[in-house]
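This is my_file15.pdb. It holds PDB, C-alpha atoms.
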ATOM      1  CA  MET Q 778     -24.687  33.736  -6.889
ATOM      2  CA  THR Q 779     -23.943  31.580  -3.824
ATOM      3  CA  ARG Q 780     -20.750  33.533  -3.150
ATOM      4  CA  LEU Q 781     -22.624  36.835  -3.475
ATOM      5  CA  ARG Q 782     -25.317  35.626  -1.058
ATOM      6  CA  ARG Q 783     -22.672  34.550   1.476
ATOM      7  CA  THR Q 784     -20.925  37.912   1.187
ATOM      8  CA  ALA Q 785     -24.203  39.755   1.758
ATOM      9  CA  TRP Q 786     -25.000  37.722   4.868
ATOM     10  CA  ALA Q 787     -21.442  38.172   6.165
ATOM     11  CA  THR Q 788     -21.624  41.956   5.877
ATOM     12  CA  LEU Q 789     -25.149  42.265   7.308
ATOM     13  CA  PRO Q 790     -24.074  42.500  11.011
ATOM     14  CA  LEU Q 791     -21.602  45.294  10.168
ATOM     15  CA  LEU Q 792     -24.253  47.224   8.261
ATOM     16  CA  LEU Q 793     -26.724  46.851  11.130
ATOM     17  CA  SER Q 794     -24.175  48.021  13.714
ATOM     18  CA  PHE Q 795     -23.294  50.977  11.516
ATOM     19  CA  ALA Q 796     -26.949  51.931  11.240
ATOM     20  CA  ALA Q 797     -27.332  51.702  15.013
ATOM     21  CA  ALA Q 798     -24.370  53.958  15.698
ATOM     22  CA  ALA Q 799     -24.843  56.434  12.869
ATOM     23  CA  PRO Q 800     -26.493  59.799  13.497
ATOM     24  CA  ALA Q 801     -30.235  59.373  13.806
ATOM     25  CA  SER Q 802     -32.344  61.399  11.398
ATOM     26  CA  ALA Q 803     -35.410  62.923  13.021
ATOM     27  CA  SER Q 804     -37.416  62.755   9.802
ATOM     28  CA  ALA Q 805     -37.171  63.599   6.149
ATOM     29  CA  PRO Q 806     -36.585  67.376   5.938
ATOM     30  CA  GLY Q 807     -39.590  69.416   4.896
ATOM     31  CA  PRO Q 808     -39.717  72.003   2.096
ATOM     32  CA  SER Q 809     -37.193  74.784   2.505
ATOM     33  CA  LEU Q 810     -38.037  78.308   3.651
ATOM     34  CA  PRO Q 811     -35.375  80.509   2.014
ATOM     35  CA  PHE Q 812     -34.680  84.079   3.019
ATOM     36  CA  GLY Q 813     -37.160  86.517   1.457
ATOM     37  CA  SER Q 814     -39.560  83.802   0.297
ATOM     38  CA  VAL Q 815     -43.342  83.482   0.645
ATOM     39  CA  ARG Q 816     -44.276  79.840   1.175
ATOM     40  CA  SER Q 817     -47.825  78.463   0.865
ATOM     41  CA  VAL Q 818     -48.413  75.921   3.652
ATOM     42  CA  HIS Q 819     -51.093  73.911   5.462
ATOM     43  CA  PRO Q 820     -51.461  73.330   9.210
ATOM     44  CA  GLY Q 821     -49.087  70.539  10.235
ATOM     45  CA  ASP Q 822     -46.559  71.190   7.467
ATOM     46  CA  THR Q 823     -42.880  71.090   8.470
ATOM     47  CA  LEU Q 824     -40.405  73.510   6.901
ATOM     48  CA  THR Q 825     -36.603  73.480   6.879
ATOM     49  CA  VAL Q 826     -34.608  76.685   7.301
ATOM     50  CA  ASN Q 827     -30.985  76.658   6.124
ATOM     51  CA  THR Q 828     -28.583  79.574   6.148
ATOM     52  CA  ALA Q 829     -24.863  80.003   5.643
ATOM     53  CA  ALA Q 830     -22.961  80.099   8.913
ATOM     54  CA  GLY Q 831     -21.735  83.608   8.108
ATOM     55  CA  ASP Q 832     -25.266  84.938   7.525
ATOM     56  CA  ALA Q 833     -26.709  84.111  10.966
ATOM     57  CA  THR Q 834     -25.496  83.484  14.484
ATOM     58  CA  TYR Q 835     -25.248  80.035  16.003
ATOM     59  CA  LEU Q 836     -28.343  79.203  18.107
ATOM     60  CA  ALA Q 837     -30.352  82.059  16.600
ATOM     61  CA  THR Q 838     -34.091  81.331  16.576
ATOM     62  CA  ILE Q 839     -36.569  81.259  13.686
ATOM     63  CA  ASN Q 840     -40.112  82.075  14.822
ATOM     64  CA  SER Q 841     -43.588  83.032  13.627
ATOM     65  CA  PRO Q 842     -47.076  83.316  15.110
ATOM     66  CA  ALA Q 843     -47.932  80.428  12.775
ATOM     67  CA  PHE Q 844     -45.393  77.986  14.255
ATOM     68  CA  VAL Q 845     -45.878  75.366  16.947
ATOM     69  CA  ALA Q 846     -42.577  76.524  18.436
ATOM     70  CA  ALA Q 847     -39.498  78.475  17.423
ATOM     71  CA  GLY Q 848     -36.685  76.604  15.722
ATOM     72  CA  THR Q 849     -33.065  76.930  16.866
ATOM     73  CA  LEU Q 850     -30.326  77.126  14.245
ATOM     74  CA  ARG Q 851     -27.726  74.409  14.845
ATOM     75  CA  MET Q 852     -24.578  73.572  12.939
ATOM     76  CA  GLU Q 853     -24.815  71.028  10.146
ATOM     77  CA  HIS Q 854     -21.629  71.959   8.282
ATOM     78  CA  PRO Q 855     -21.533  73.949   6.084
ATOM     79  CA  VAL Q 856     -24.905  75.500   7.061
ATOM     80  CA  LEU Q 857     -26.926  76.380  10.132
ATOM     81  CA  THR Q 858     -30.264  74.579  10.021
ATOM     82  CA  THR Q 859     -33.528  74.020  11.873
ATOM     83  CA  THR Q 860     -37.057  72.789  11.233
ATOM     84  CA  VAL Q 861     -40.360  74.423  12.170
ATOM     85  CA  THR Q 862     -43.966  73.186  12.032
ATOM     86  CA  ILE Q 863     -47.172  75.090  11.232
ATOM     87  CA  ALA Q 864     -49.540  74.970  14.228
ATOM     88  CA  CYS Q 865     -52.806  73.097  13.743
ATOM     89  CA  ASP Q 866     -55.009  75.942  15.000
ATOM     90  CA  THR Q 867     -53.437  78.617  12.788
ATOM     91  CA  ARG Q 868     -56.099  80.629  11.009
ATOM     92  CA  PRO Q 869     -55.795  81.227   7.243
ATOM     93  CA  GLY Q 870     -53.624  84.182   6.321
ATOM     94  CA  THR Q 871     -50.079  85.401   5.783
ATOM     95  CA  TYR Q 872     -47.692  85.463   8.733
ATOM     96  CA  PRO Q 873     -44.196  86.925   9.128
ATOM     97  CA  VAL Q 874     -41.233  84.687   9.924
ATOM     98  CA  THR Q 875     -38.479  86.389  11.918
ATOM     99  CA  ARG Q 876     -34.983  85.560  13.101
ATOM    100  CA  ARG Q 877     -33.534  86.583  16.460
ATOM    101  CA  GLY Q 878     -29.947  86.249  17.601
ATOM    102  CA  ALA Q 879     -29.186  83.836  20.427
ATOM    103  CA  GLY Q 880     -28.952  86.687  22.949
ATOM    104  CA  ASP Q 881     -31.777  88.840  21.572
ATOM    105  CA  VAL Q 882     -34.550  88.280  24.106
ATOM    106  CA  GLY Q 883     -35.590  91.766  25.221
ATOM    107  CA  PRO Q 884     -38.364  93.915  23.694
ATOM    108  CA  ASP Q 885     -35.784  96.438  22.454
ATOM    109  CA  GLU Q 886     -34.200  93.846  20.191
ATOM    110  CA  HIS Q 887     -35.757  94.081  16.742
ATOM    111  CA  PRO Q 888     -36.074  90.676  15.054
ATOM    112  CA  PHE Q 889     -34.779  90.268  11.523
ATOM    113  CA  ARG Q 890     -37.497  89.611   8.922
ATOM    114  CA  TRP Q 891     -36.683  86.283   7.312
ATOM    115  CA  ALA Q 892     -39.673  85.221   5.184
ATOM    116  CA  ARG Q 893     -43.468  84.827   5.187
ATOM    117  CA  VAL Q 894     -45.823  81.845   5.231
ATOM    118  CA  ARG Q 895     -49.272  81.840   3.677
ATOM    119  CA  VAL Q 896     -51.462  79.385   5.610
ATOM    120  CA  ALA Q 897     -54.298  77.728   3.679
ATOM    121  CA  PRO Q 898     -57.770  77.132   5.185
ATOM    122  CA  ALA Q 899     -58.385  73.809   6.913
ATOM    123  CA  ASP Q 900     -61.644  72.167   8.021
ATOM    124  CA  ALA Q 901     -62.257  70.319  11.288
ATOM    125  CA  ALA Q 902     -61.203  66.945   9.854
ATOM    126  CA  ALA Q 903     -57.947  68.376   8.503
ATOM    127  CA  ARG Q 904     -57.142  70.017  11.839
ATOM    128  CA  SER Q 905     -57.855  66.774  13.674
ATOM    129  CA  ALA Q 906     -55.500  64.914  11.327
ATOM    130  CA  CYS Q 907     -52.963  67.685  11.860
ATOM    131  CA  ARG Q 908     -53.018  67.238  15.642
ATOM    132  CA  SER Q 909     -52.473  63.500  15.238
ATOM    133  CA  LYS Q 910     -49.557  64.114  12.864
ATOM    134  CA  VAL Q 911     -47.900  66.778  15.004
ATOM    135  CA  GLY Q 912     -48.274  64.643  18.126
ATOM    136  CA  LYS Q 913     -46.160  61.925  16.485
ATOM    137  CA  LEU Q 914     -43.330  64.205  15.380
ATOM    138  CA  PRO Q 915     -39.952  63.389  16.975
ATOM    139  CA  PRO Q 916     -38.235  65.991  19.144
ATOM    140  CA  PRO Q 917     -35.827  68.393  17.430
ATOM    141  CA  MET Q 918     -32.428  66.962  16.577
ATOM    142  CA  LEU Q 919     -29.742  68.349  18.880
ATOM    143  CA  GLU Q 920     -26.717  66.585  17.381
ATOM    144  CA  GLU Q 921     -24.448  68.932  15.450
ATOM    145  CA  HIS Q 922     -21.689  68.441  12.893
ATOM    146  CA  TRP Q 923     -18.999  71.118  12.645
ATOM    147  CA  ALA Q 924     -16.211  71.475  10.089
ATOM    148  CA  PRO Q 925     -13.613  68.741  10.620
ATOM    149  CA  ASP Q 926     -10.790  71.294  10.870
ATOM    150  CA  ARG Q 927     -12.396  72.991  13.898
ATOM    151  CA  THR Q 928     -11.209  71.976  17.353
ATOM    152  CA  TRP Q 929     -13.421  69.631  19.349
ATOM    153  CA  PRO Q 930     -15.830  70.325  20.944
ATOM    154  CA  GLN Q 931     -17.330  73.507  19.508
ATOM    155  CA  SER Q 932     -20.521  72.939  21.533
ATOM    156  CA  GLU Q 933     -22.110  70.446  23.897
ATOM    157  CA  TRP Q 934     -23.697  68.689  20.887
ATOM    158  CA  ASP Q 935     -20.694  68.798  18.558
ATOM    159  CA  VAL Q 936     -20.540  65.020  18.045
ATOM    160  CA  ARG Q 937     -17.258  63.884  16.455
ATOM    161  CA  THR Q 938     -16.553  60.299  15.409
ATOM    162  CA  PHE Q 939     -13.485  58.358  16.584
ATOM    163  CA  ARG Q 940     -12.286  54.766  16.586
ATOM    164  CA  ALA Q 941     -11.899  52.879  19.845
ATOM    165  CA  GLY Q 942      -8.356  53.239  21.161
ATOM    166  CA  SER Q 943      -7.804  56.605  19.450
ATOM    167  CA  ARG Q 944      -5.808  59.373  21.071
ATOM    168  CA  VAL Q 945      -7.952  62.526  21.092
ATOM    169  CA  THR Q 946      -7.334  66.180  21.872
ATOM    170  CA  ILE Q 947      -9.975  68.186  23.734
ATOM    171  CA  THR Q 948     -10.080  71.982  23.485
ATOM    172  CA  ASP Q 949     -11.958  74.478  25.666
ATOM    173  CA  ASN Q 950     -12.257  78.050  24.381
ATOM    174  CA  ASP Q 951     -14.644  79.344  27.055
ATOM    175  CA  ASP Q 952     -12.900  78.965  30.421
ATOM    176  CA  GLU Q 953      -9.955  81.361  30.475
ATOM    177  CA  GLY Q 954      -8.160  81.341  33.807
ATOM    178  CA  SER Q 955      -9.331  77.837  34.771
ATOM    179  CA  ASP Q 956      -5.999  76.071  34.330
ATOM    180  CA  GLY Q 957      -6.189  72.755  36.186
ATOM    181  CA  ASP Q 958      -9.677  73.422  37.564
ATOM    182  CA  ILE Q 959     -11.737  71.288  35.142
ATOM    183  CA  THR Q 960     -11.622  67.498  34.981
ATOM    184  CA  LEU Q 961     -13.369  65.634  32.149
ATOM    185  CA  ILE Q 962     -15.092  62.311  32.752
ATOM    186  CA  SER Q 963     -16.505  59.793  30.266
ATOM    187  CA  ARG Q 964     -17.049  56.044  30.047
ATOM    188  CA  ALA Q 965     -15.169  56.217  26.737
ATOM    189  CA  PHE Q 966     -11.975  57.582  28.361
ATOM    190  CA  THR Q 967      -9.178  55.504  29.854
ATOM    191  CA  ASP Q 968      -8.468  58.248  32.400
ATOM    192  CA  ARG Q 969      -9.774  61.586  33.694
ATOM    193  CA  PRO Q 970      -7.964  64.309  31.748
ATOM    194  CA  VAL Q 971      -7.549  67.774  33.258
ATOM    195  CA  LEU Q 972      -7.835  70.875  31.066
ATOM    196  CA  ARG Q 973      -4.650  72.909  31.219
ATOM    197  CA  GLY Q 974      -3.550  76.195  29.666
ATOM    198  CA  ALA Q 975      -2.089  79.514  30.735
ATOM    199  CA  LYS Q 976      -4.041  81.550  28.182
ATOM    200  CA  ALA Q 977      -7.591  81.669  26.846
ATOM    201  CA  VAL Q 978      -7.448  78.152  25.352
ATOM    202  CA  LEU Q 979      -7.366  75.079  27.585
ATOM    203  CA  THR Q 980      -6.503  71.637  26.218
ATOM    204  CA  ALA Q 981      -6.236  68.040  27.344
ATOM    205  CA  THR Q 982      -5.504  64.705  25.691
ATOM    206  CA  THR Q 983      -6.829  61.253  26.469
ATOM    207  CA  THR Q 984      -7.121  57.790  24.959
ATOM    208  CA  LEU Q 985     -10.424  56.101  24.190
ATOM    209  CA  THR Q 986     -10.930  52.662  25.696
ATOM    210  CA  CYS Q 987     -10.463  49.722  23.357
ATOM    211  CA  ASP Q 988     -13.595  47.930  24.575
ATOM    212  CA  SER Q 989     -16.016  50.830  23.959
ATOM    213  CA  ALA Q 990     -19.049  49.659  21.982
ATOM    214  CA  PRO Q 991     -20.157  51.758  18.988
ATOM    215  CA  GLY Q 992     -22.460  54.598  19.997
ATOM    216  CA  ILE Q 993     -22.572  58.071  21.520
ATOM    217  CA  TYR Q 994     -20.793  58.803  24.821
ATOM    218  CA  VAL Q 995     -21.305  61.848  27.039
ATOM    219  CA  VAL Q 996     -18.325  63.788  28.375
ATOM    220  CA  TYR Q 997     -18.986  65.398  31.775
ATOM    221  CA  ARG Q 998     -17.047  68.268  33.324
ATOM    222  CA  HIS Q 999     -16.211  68.462  37.001
ATOM    223  CA  ASP Q1000     -15.214  71.912  38.265
ATOM    224  CA  VAL Q1001     -12.984  71.965  41.318
ATOM    225  CA  ASP Q1002     -15.161  74.515  43.128
ATOM    226  CA  ARG Q1003     -18.517  73.032  42.101
ATOM    227  CA  THR Q1004     -20.831  70.971  44.278
ATOM    228  CA  GLY Q1005     -23.569  68.736  42.952
ATOM    229  CA  PRO Q1006     -23.660  66.497  39.882
ATOM    230  CA  ASP Q1007     -21.158  66.901  37.054
ATOM    231  CA  THR Q1008     -22.364  68.767  33.947
ATOM    232  CA  PRO Q1009     -22.716  67.230  30.461
ATOM    233  CA  TRP Q1010     -20.129  69.132  28.421
ATOM    234  CA  ALA Q1011     -19.517  67.305  25.142
ATOM    235  CA  ARG Q1012     -20.368  64.157  23.201
ATOM    236  CA  LEU Q1013     -18.453  61.802  20.944
ATOM    237  CA  ARG Q1014     -19.290  58.801  18.803
ATOM    238  CA  ILE Q1015     -17.327  55.553  18.734
ATOM    239  CA  ALA Q1016     -17.391  54.308  15.134
ATOM    240  CA  PRO Q1017     -18.503  50.740  14.303
ATOM    241  CA  ALA Q1018     -15.122  49.951  12.792
ATOM    242  CA  ALA Q1019     -11.973  48.041  13.668
ATOM    243  CA  PRO Q1020     -10.232  49.617  16.690
ATOM    244  CA  GLY Q1021      -7.123  51.713  16.137
ATOM    245  CA  ARG Q1022      -3.565  50.356  16.042
ATOM    246  CA  ALA Q1023      -3.117  51.194  19.713
ATOM    247  CA  CYS Q1024      -5.753  48.578  20.616
ATOM    248  CA  ALA Q1025      -4.010  45.909  18.544
ATOM    249  CA  ASP Q1026      -0.696  46.720  20.230
ATOM    250  CA  GLN Q1027      -2.409  46.724  23.631
ATOM    251  CA  GLN Q1028      -3.965  43.307  23.002
ATOM    252  CA  ALA Q1029      -0.647  41.925  21.797
ATOM    253  CA  ALA Q1030       1.003  43.212  24.982
ATOM    254  CA  LYS Q1031      -1.708  41.578  27.104
ATOM    255  CA  ASN Q1032      -1.273  38.272  25.267
ATOM    256  CA  SER Q1033       2.499  38.494  25.697
ATOM    257  CA  ALA Q1034       2.134  39.293  29.392
ATOM    258  CA  GLY Q1035      -0.295  36.417  29.810
ATOM    259  CA  THR Q1036       2.104  34.005  28.100
ATOM    260  CA  SER Q1037       4.981  35.256  30.247
ATOM    261  CA  ARG Q1038       2.957  34.770  33.422
ATOM    262  CA  THR Q1039       1.972  31.262  32.322
ATOM    263  CA  ASP Q1040       5.600  30.386  31.595
ATOM    264  CA  MET Q1041       6.661  31.824  34.960
ATOM    265  CA  VAL Q1042       4.047  29.766  36.801
ATOM    266  CA  ALA Q1043       5.118  26.655  34.905
ATOM    267  CA  TRP Q1044       8.801  27.223  35.717
ATOM    268  CA  ALA Q1045       7.969  27.921  39.361
ATOM    269  CA  ALA Q1046       5.863  24.754  39.606
ATOM    270  CA  GLY Q1047       8.657  22.737  37.968
ATOM    271  CA  GLY Q1048      11.158  24.176  40.401
ATOM    272  CA  VAL Q1049       9.013  23.216  43.376
ATOM    273  CA  LEU Q1050       8.598  19.674  42.095
ATOM    274  CA  LEU Q1051      12.352  19.354  41.435
ATOM    275  CA  ALA Q1052      13.175  20.616  44.910
ATOM    276  CA  ALA Q1053      10.670  18.190  46.452
ATOM    277  CA  ALA Q1054      12.163  15.292  44.506
ATOM    278  CA  ALA Q1055      15.674  16.259  45.581
ATOM    279  CA  ALA Q1056      14.593  16.515  49.223
ATOM    280  CA  ALA Q1057      12.913  13.108  49.055
ATOM    281  CA  GLY Q1058      16.037  11.568  47.526
ATOM    282  CA  LEU Q1059      18.228  13.119  50.191
ATOM    283  CA  LEU Q1060      15.911  11.808  52.915
ATOM    284  CA  ARG Q1061      16.051   8.271  51.499
ATOM    285  CA  TRP Q1062      19.841   8.428  51.293
ATOM    286  CA  ALA Q1063      20.119   9.609  54.881
ATOM    287  CA  THR Q1064      17.732   6.926  56.106
ATOM    288  CA  SER Q1065      19.614   4.219  54.219
ATOM    289  CA  ARG Q1066      22.956   5.382  55.631
ATOM    290  CA  ARG Q1067      21.657   5.337  59.193
ATOM    291  CA  ALA Q1068      20.326   1.815  58.655
ATOM    292  CA  ARG Q1069      23.719   0.544  57.434
ATOM    293  CA  SER Q1070      25.516   2.218  60.345
ATOM    294  CA  ALA Q1071      23.179   0.523  62.796
TER     295      ALA Q1071
END

Take the structure in this file and express it as structure tokens.
Amino acid sequence: MTRLRRTAWATLPLLLSFAAAAPASASAPGPSLPFGSVRSVHPGDTLTVNTAAGDATYLATINSPAFVAAGTLRMEHPVLTTTVTIACDTRPGTYPVTRRGAGDVGPDEHPFRWARVRVAPADAAARSACRSKVGKLPPPMLEEHWAPDRTWPQSEWDVRTFRAGSRVTITDNDDEGSDGDITLISRAFTDRPVLRGAKAVLTATTTLTCDSAPGIYVVYRHDVDRTGPDTPWARLRIAPAAPGRACADQQAAKNSAGTSRTDMVAWAAGGVLLAAAAAAGLLRWATSRRARSA
């Protein structure tokens, strides 16, 4: 039992650091709102909409007159997902839920009918409690998780996880003709990689710093012809785990260099002392010889 207790206490800091660096969950997901369904709800209820990536477009919106705000479908591999909340002042009745593509904003674009919600009556006390509840809801989660075999980043919020010291490849599929014009900057990088490529795909490689603390780091892009602040372009997470082999090799090299410098200083100091002793001996010999000659 004592050994088990010691093991638990020893692993507690690692568990806490992992929790701090892991993706934050906005809240427990609400009941689902599948395609074609009719869901009975109350003001203040939160619903989750999931759809296969092939059945909807990325960043499509899910909306209804009954919602506080439209939800935006983001990637949570293998589905696109969002959450929506029933507005507190929604009157009882049945409301349509529609889906619009990311670029469908004009009146000529016909939204796709997704589902319906049937809102139950609510008295003044229930609506007051609803407003208190909705006011405490966290903002929508923006962090996304794409399939691991897709190049990184697929979007500004495509957060991939790496170990400190890792060598990473960055791919840009949206800036054809910008060979050498985009520099990427991040506190997690050891340098400022430049995106290069003669065709539609630009790539760059960089190494993550060995002393990066676990957490999320923003990658900014600097365009050669752009004035003003750099633009957030991607994000990555440094895992709360032992750094990669490159960091161990780097530290060993630093220790070796430090030892070599110490040895060099010691040898140099010894040489100076030896030379001083020799000079002093030669001076005494010369002085003694002059005294005998006199």

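Within 9 Å of Pro925 (chain Q), once only C-alpha atoms are used and residues closer than 3 positions along the same chain are dropped, the contacting residues are His854, His922, Thr928, Trp929 and Arg937 of chain Q.
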
Q) Hey, can you check how far CA of Glu953 (chain Q) sits from CA of Val971 (chain Q)? A)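 According to the coordinates, CA of Glu953 (chain Q) and CA of Val971 (chain Q) are separated by 14.1 Å.
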
Q: Would you kindly translate the PyMOL selection byres ((chain Q and resi 870) around 12) into the concrete residues it picks from this file, as a ChimeraX atom specification?
A: /Q:815-820,842-843,867-869,871-873,893-899

Q: Tell me which residues the PyMOL selection byres ((chain Q and resi 943) around 8) grabs here, as a ChimeraX atom specification.
A: /Q:939-942,944-945,984-985,1020-1021,1023

Q.
Taking all atoms listed in the file into account, name the residue in Q:Gly813, Q:Pro970, Q:Gly831, Q:Gly1005 that is nearest to Phe889 (chain Q).
A.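 Among the listed residues, Q:Gly813 lies closest to Phe889 (chain Q).
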
Q) If you measure from CA of Ala981 (chain Q) to CA of Thr946 (chain Q), what distance in Å do you get, rounded to one decimal? A)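 Result for CA of Ala981 (chain Q) versus CA of Thr946 (chain Q): 5.9 Å, one decimal.
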
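CA of Ala965 (chain Q) is positioned 23.3 Å from CA of Val978 (chain Q).
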
Q: Using only C-alpha atoms, pick whichever of Q:His887, Q:Arg908, Q:His999, Q:Arg877 has the shortest atom-to-atom distance to Val845 (chain Q).
A: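 Among Q:His887, Q:Arg908, Q:His999, Q:Arg877, it is Q:Arg908 that comes nearest to Val845 (chain Q).
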
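Of the listed residues (Q:Ala847, Q:Asp935, Q:Val856, Q:Ser841), Q:Asp935 comes nearest to Arg1014 (chain Q); the distances count all atoms listed in the file.
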
**Q.** Trp923 (chain Q) surroundings by all atoms listed in the file, 12 Å radius, close-in-sequence under 5 positions cut, as a ChimeraX atom specification
**A.** /Q:830,835,851-857,928-938

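The set of protein, DNA and RNA residues with any counted atom at most 9 Å from (-11.9, 73.4, 41.5) (only C-alpha atoms) reads Q:Ser955, Q:Gly957, Q:Asp958, Q:Ile959, Q:Thr960, Q:His999, Q:Asp1000, Q:Val1001, Q:Asp1002, Q:Arg1003.
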
Q: Give me the result of the PyMOL selection byres ((chain Q and resi 809) around 6) on this file, residue by residue, as a ChimeraX atom specification.
A: /Q:808,810,824-826

Now that the selection is made, can you save its residues with C-alpha atoms as a compact mmCIF listing (two decimals), in the frame of the given file?
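part-v4.txt, freshly written:
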# COMPACT_ATOMS: atom_id res chain seq x y z
CA PRO Q 808 -39.72 72.00 2.10
CA LEU Q 810 -38.04 78.31 3.65
CA LEU Q 824 -40.40 73.51 6.90
CA THR Q 825 -36.60 73.48 6.88
CA VAL Q 826 -34.61 76.68 7.30

Here's a test: counting all atoms listed in the file, identify every protein, DNA and RNA residue with an atom at most 8 Å from (-27.2, 80.8, 13.4) in the file's coordinate frame, and state them as a CSV table (one decimal) with C-alpha atoms, in the frame of the given file.
chain,number,residue,atom,x,y,z
Q,828,THR,CA,-28.6,79.6,6.1
Q,830,ALA,CA,-23.0,80.1,8.9
Q,832,ASP,CA,-25.3,84.9,7.5
Q,833,ALA,CA,-26.7,84.1,11.0
Q,834,THR,CA,-25.5,83.5,14.5
Q,835,TYR,CA,-25.2,80.0,16.0
Q,836,LEU,CA,-28.3,79.2,18.1
Q,837,ALA,CA,-30.4,82.1,16.6
Q,838,THR,CA,-34.1,81.3,16.6
Q,849,THR,CA,-33.1,76.9,16.9
Q,850,LEU,CA,-30.3,77.1,14.2
Q,851,ARG,CA,-27.7,74.4,14.8
Q,852,MET,CA,-24.6,73.6,12.9
Q,857,LEU,CA,-26.9,76.4,10.1
Q,858,THR,CA,-30.3,74.6,10.0
Q,878,GLY,CA,-29.9,86.2,17.6
Q,879,ALA,CA,-29.2,83.8,20.4

Q: Tell me which protein, DNA and RNA residues are within 7 Å of region 974-976 of chain Q, counting only C-alpha atoms, leaving out same-chain ones fewer than 4 positions away, and put them as a list in words.
A: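 Near region 974-976 of chain Q, the qualifying residues are Glu953, Gly954, Asp956 and Thr980 of chain Q.
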
Q) Which residues, written as a PyMOL selection string, have at least one atom at most 8 Å from Ala846 (chain Q), with all atoms listed in the file counted and residues fewer than 5 positions away on the same chain left out? A) chain Q and resi 840+861-862

For the selection just defined, write its residues with C-alpha atoms to a file, as a compact mmCIF listing (two decimals), in the coordinates of the input.
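Okay, this is what ended up in result.txt:
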# COMPACT_ATOMS: atom_id res chain seq x y z
CA ASN Q 840 -40.11 82.08 14.82
CA VAL Q 861 -40.36 74.42 12.17
CA THR Q 862 -43.97 73.19 12.03
